[in-house]
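For reference, the structure discussed in these notes is given below.
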Protein chains: 2
Amino acid sequence: MKSSELTGDELVQVLSTLSNPHRIRIIAALMDGREYVSRLARRLEISRALLQVHLRKLEAAGLVEATLELSPEGKAMKYYTICQFAIELTPQALAAAAPTLSYEEARLRDDPQEQG
Amino acid sequence: MKSSELTGDELVQVLSTLSNPHRIRIIAALMDGREYVSRLARRLEISRALLQVHLRKLEAAGLVEATLELSPEGKAMKYYTICQFAIELTPQALAAAAPTLSYEEARLRDDPQEQG
DNA sequence: GGCACCTGCAAAACTTCCGTTGCAGGTGCC
DNA sequence: GGCACCTGCAACGGAAGTTTTGCAGGTGCC
């Protein structure tokens with residue numbers, strides 16, 4: 001995933017998702033390889049409920065991926081993996097994304113003549 | 001400013017600052033060159049009070065810079081400029097920033113033996 | 001003086017985010 | 001049955017972010 005492929009709204013979502021210490025630590029922890037929820041919670045020393053909330057956000061933003069698997073003993077395990085992404089954060093990239101913000105689109109709809 | 005030069009905490013601040021449609025539009029508008037507050041507010045069609053709040057955040061994160069100048073007529077004008085920045089947002093970059101989160105540092109202080 | 005412009009800020013209302021708590025379901029094993 | 005694991009989620013209270021409203025100061029010009 002590259003920043004140039006994102007709409008303004010998606011970029012906002014990704015940035016707000018990554019602007020949280022817990023979620024940065026989660027990404028860092030998943031760099032070692034896939035992990036299931038309960039074990040990840042123990043490694044990060046946070047509650048499982050809290051971790052699930054953050055994982056849901058990361059998944060909604062397309063930054064991690066989940067696969068539900070059955071362990072050899074038959075237990076359901078949810079494994080999370082990082083989705084590779086490379087987002088370039090420069091004034092130029094932001095300017096390119098700005099026109100595709102739904103905010104901006106709504107404004108232009110109301111005032112079509114001021115485009116350009 | 002490069003992402004590799006930022007601490008985890010600074011990165012969080014930059015990301016949360018940029019995860020807002022208004023502030024992305026402000027950066028985009030300042031790409032055309034420096035601008036003073038009231039005129040920028042008219043261009044963006046938002047209230048001056050609201051713009052000031054967002055400009056303060058952008059300045060606190062080191063993304064824009066302000067200079068107070070006197071116009072030829074003697075009016076005080078506050079001009080804002082973009083600070084060039086290039087932040088690389090990848091899992092690797094986040095993993096590099098994670099150990100410098102104050103959150104993480106506090107955790108390691110409490111439990112020194114689990115480092116590594 | 002009155003108007004048009006420039007600046008600043010803080011209180012209040014509203015919305016969203018965060019983290020905990022407590023509950024539900026399931027499996028295998030002793 | 002009881003215990004140790006795995007999963008899920010919703011509700012609540014408190015913290016933080018967002019936006020409006022209203023006020024203050026200043027300049028120059030008619």
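Every chain in the structure tokens has a letter given in the order shown (A, B, ...), and although residue numbers restart at 1 in each chain, ligands are simply numbered from 1 in the order shown.
The list of residues with at least one atom within 9 Å of DT20 (chain C), based on only C-alpha atoms (C1' of nucleotides) and without residues fewer than 2 positions apart in the same chain, reads Ala49 and Leu50 of chain A; DC12 of chain D.
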Among chain B, which residues carry a DSSP assignment of helix (DSSP H, G or I), reported as a PyMOL selection string?
chain B and resi 3-5+8-18+21-30+37-44+48-60+91-100+102-110+112-114
Pick out the residues sitting within 8 Å of Ala66 (chain A), and hand them over as a PyMOL selection string; count only C-alpha atoms (C1' of nucleotides), and ignore anything fewer than 3 positions along from it in its own chain.
chain A and resi 59+78-81
Could you take the residues named above and write them with C-alpha atoms, as a PDB file, in the first residue's frame?
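Output contents, as saved in selection35.pdb:
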ATOM      1  CA  GLU A  59      -7.398  -3.995  10.607  1.00  0.00           C
ATOM      2  CA  LYS A  78      -6.727 -15.664  15.537  1.00  0.00           C
ATOM      3  CA  TYR A  79      -3.407 -14.811  13.976  1.00  0.00           C
ATOM      4  CA  TYR A  80      -2.527 -11.290  12.979  1.00  0.00           C
ATOM      5  CA  THR A  81       0.012 -10.276  10.341  1.00  0.00           C
TER       6      THR A  81
END
Chain B residues near chain C within 12 Å, closest pair each, using only C-alpha atoms (C1' of nucleotides), as JSON lines:
{"residue": "B:Tyr36", "atom": "CA", "partner": "C:DC6", "partner_atom": "C1'", "distance": 9.6}
{"residue": "B:Val37", "atom": "CA", "partner": "C:DT7", "partner_atom": "C1'", "distance": 9.1}
{"residue": "B:Ser38", "atom": "CA", "partner": "C:DC6", "partner_atom": "C1'", "distance": 7.8}
{"residue": "B:Arg39", "atom": "CA", "partner": "C:DC6", "partner_atom": "C1'", "distance": 10.2}
{"residue": "B:Arg48", "atom": "CA", "partner": "C:DT7", "partner_atom": "C1'", "distance": 10.6}
{"residue": "B:Ala49", "atom": "CA", "partner": "C:DC9", "partner_atom": "C1'", "distance": 9.2}
{"residue": "B:Leu50", "atom": "CA", "partner": "C:DC9", "partner_atom": "C1'", "distance": 11.9}
{"residue": "B:Gln52", "atom": "CA", "partner": "C:DG8", "partner_atom": "C1'", "distance": 9.6}
{"residue": "B:Val53", "atom": "CA", "partner": "C:DC9", "partner_atom": "C1'", "distance": 10.3}
{"residue": "B:Leu68", "atom": "CA", "partner": "C:DT7", "partner_atom": "C1'", "distance": 9.9}
{"residue": "B:Glu69", "atom": "CA", "partner": "C:DC6", "partner_atom": "C1'", "distance": 11.0}
{"residue": "B:Leu70", "atom": "CA", "partner": "C:DC6", "partner_atom": "C1'", "distance": 9.9}
{"residue": "B:Ser71", "atom": "CA", "partner": "C:DC6", "partner_atom": "C1'", "distance": 9.6}
{"residue": "B:Glu73", "atom": "CA", "partner": "C:DC6", "partner_atom": "C1'", "distance": 10.7}
{"residue": "B:Gly74", "atom": "CA", "partner": "C:DC6", "partner_atom": "C1'", "distance": 9.6}
{"residue": "B:Lys75", "atom": "CA", "partner": "C:DC6", "partner_atom": "C1'", "distance": 5.9}
{"residue": "B:Ala76", "atom": "CA", "partner": "C:DC6", "partner_atom": "C1'", "distance": 6.0}
{"residue": "B:Met77", "atom": "CA", "partner": "C:DC6", "partner_atom": "C1'", "distance": 6.3}
{"residue": "B:Lys78", "atom": "CA", "partner": "C:DT7", "partner_atom": "C1'", "distance": 7.9}
{"residue": "B:Tyr79", "atom": "CA", "partner": "C:DT7", "partner_atom": "C1'", "distance": 11.5}
Write out as a Markdown table a residue-level contact list of chain B versus chain A with cut-off 8 Å: for each qualifying residue the closest pair of atoms and the distance in Å to one decimal, counting only C-alpha atoms, rows sorted by chain and residue number upward.
| residue | atom | partner | partner_atom | distance |
| --- | --- | --- | --- | --- |
| B:Gly8 | CA | A:Pro21 | CA | 7.9 |
| B:Asp9 | CA | A:Pro21 | CA | 7.8 |
| B:Leu11 | CA | A:Ser19 | CA | 7.6 |
| B:Val12 | CA | A:Ser19 | CA | 4.6 |
| B:Gln13 | CA | A:Ser19 | CA | 7.0 |
| B:Val14 | CA | A:Ser19 | CA | 7.9 |
| B:Leu15 | CA | A:Ser19 | CA | 5.0 |
| B:Ser16 | CA | A:Ser19 | CA | 5.0 |
| B:Leu18 | CA | A:Leu15 | CA | 6.9 |
| B:Ser19 | CA | A:Val12 | CA | 4.7 |
| B:Asn20 | CA | A:Val12 | CA | 6.2 |
| B:Pro21 | CA | A:Leu101 | CA | 6.9 |
| B:Ile24 | CA | A:Leu94 | CA | 6.1 |
| B:Arg25 | CA | A:Ala98 | CA | 5.7 |
| B:Ile27 | CA | A:Pro91 | CA | 6.3 |
| B:Ala28 | CA | A:Ala95 | CA | 4.2 |
| B:Ala29 | CA | A:Ala95 | CA | 7.7 |
| B:Met31 | CA | A:Pro91 | CA | 7.2 |
| B:Ile82 | CA | A:Pro91 | CA | 7.8 |
| B:Gln84 | CA | A:Pro91 | CA | 7.0 |
| B:Phe85 | CA | A:Thr90 | CA | 5.6 |
| B:Ala86 | CA | A:Thr90 | CA | 4.8 |
| B:Ile87 | CA | A:Leu89 | CA | 4.8 |
| B:Glu88 | CA | A:Glu88 | CA | 5.2 |
| B:Leu89 | CA | A:Ile87 | CA | 4.8 |
| B:Thr90 | CA | A:Ala86 | CA | 4.8 |
| B:Pro91 | CA | A:Ile27 | CA | 6.3 |
| B:Gln92 | CA | A:Ala28 | CA | 7.6 |
| B:Leu94 | CA | A:Ile24 | CA | 6.0 |
| B:Ala95 | CA | A:Ala28 | CA | 4.2 |
| B:Ala96 | CA | A:Ala28 | CA | 7.8 |
| B:Ala98 | CA | A:Arg25 | CA | 5.7 |
| B:Leu101 | CA | A:Pro21 | CA | 6.9 |
| B:Tyr103 | CA | A:Pro21 | CA | 7.1 |
What are the closest atom pairs, with distances in Å to one decimal, for each residue of chain D lying within 12 Å of chain A, using only C-alpha atoms (C1' of nucleotides), rows by chain and rising residue number, as a tab-separated table?
residue	atom	partner	partner_atom	distance
D:DC5	C1'	A:Lys75	CA	8.7
D:DC6	C1'	A:Lys75	CA	5.9
D:DT7	C1'	A:Ala76	CA	6.9
D:DG8	C1'	A:Gln52	CA	9.5
D:DC9	C1'	A:Ala49	CA	9.2
D:DA10	C1'	A:Ala49	CA	11.5
D:DG17	C1'	A:Ser16	CA	12.0
Go ahead and write the selection's residues with N, CA, C and O atoms (P, O5', C5', C4', C3', O3' and C1' of nucleotides) as a short mmCIF file (atom, residue, chain, number, x, y, z; two decimals), in the first residue's frame.
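File result.cif, as written:
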data_model
loop_
_atom_site.label_atom_id
_atom_site.label_comp_id
_atom_site.auth_asym_id
_atom_site.auth_seq_id
_atom_site.Cartn_x
_atom_site.Cartn_y
_atom_site.Cartn_z
P DC D 5 -2.61 -21.19 31.59
"O5'" DC D 5 -2.70 -21.15 29.99
"C5'" DC D 5 -3.62 -20.30 29.38
"C4'" DC D 5 -4.28 -21.03 28.23
"C3'" DC D 5 -4.87 -20.08 27.20
"O3'" DC D 5 -3.88 -19.68 26.29
"C1'" DC D 5 -6.38 -21.85 27.68
P DC D 6 -4.02 -18.26 25.62
"O5'" DC D 6 -5.24 -18.41 24.59
"C5'" DC D 6 -5.06 -19.18 23.40
"C4'" DC D 6 -6.40 -19.35 22.69
"C3'" DC D 6 -7.15 -18.06 22.41
"O3'" DC D 6 -6.63 -17.39 21.28
"C1'" DC D 6 -8.64 -19.70 23.19
P DT D 7 -6.92 -15.79 21.13
"O5'" DT D 7 -8.49 -15.71 20.84
"C5'" DT D 7 -9.01 -16.20 19.60
"C4'" DT D 7 -10.53 -16.19 19.65
"C3'" DT D 7 -11.18 -14.83 19.71
"O3'" DT D 7 -11.28 -14.28 18.41
"C1'" DT D 7 -12.25 -16.34 21.21
P DG D 8 -11.52 -12.72 18.20
"O5'" DG D 8 -12.99 -12.46 18.76
"C5'" DG D 8 -14.13 -13.01 18.11
"C4'" DG D 8 -15.35 -12.67 18.93
"C3'" DG D 8 -15.56 -11.19 19.08
"O3'" DG D 8 -16.47 -10.75 18.09
"C1'" DG D 8 -15.88 -12.33 21.15
P DC D 9 -16.54 -9.19 17.76
"O5'" DC D 9 -17.47 -8.58 18.91
"C5'" DC D 9 -18.72 -9.17 19.21
"C4'" DC D 9 -19.24 -8.58 20.50
"C3'" DC D 9 -19.25 -7.05 20.52
"O3'" DC D 9 -20.51 -6.57 20.89
"C1'" DC D 9 -18.26 -7.91 22.49
P DA D 10 -21.02 -5.16 20.39
"O5'" DA D 10 -22.27 -4.90 21.34
"C5'" DA D 10 -22.65 -5.84 22.34
"C4'" DA D 10 -22.71 -5.15 23.69
"C3'" DA D 10 -22.88 -3.62 23.62
"O3'" DA D 10 -23.67 -3.21 24.72
"C1'" DA D 10 -20.93 -4.12 24.78
P DG D 17 -5.51 15.60 22.68
"O5'" DG D 17 -6.64 15.82 21.58
"C5'" DG D 17 -7.02 14.73 20.74
"C4'" DG D 17 -8.22 15.11 19.92
"C3'" DG D 17 -8.06 16.40 19.11
"O3'" DG D 17 -8.55 16.19 17.80
"C1'" DG D 17 -9.97 16.56 20.48
#
Region 46-102 of chain A: residues DSSP assigns to strand (DSSP E or B), reported as a PyMOL selection string
chain A and resi 64-70+76-82+86-89
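Across the structure, CA of Leu51 (chain A) and CA of Leu6 (chain A) are spaced 26.1 Å apart.
Between C1' of DA15 (chain D) and CA of Leu55 (chain B) the interatomic distance comes to 22.7 Å.
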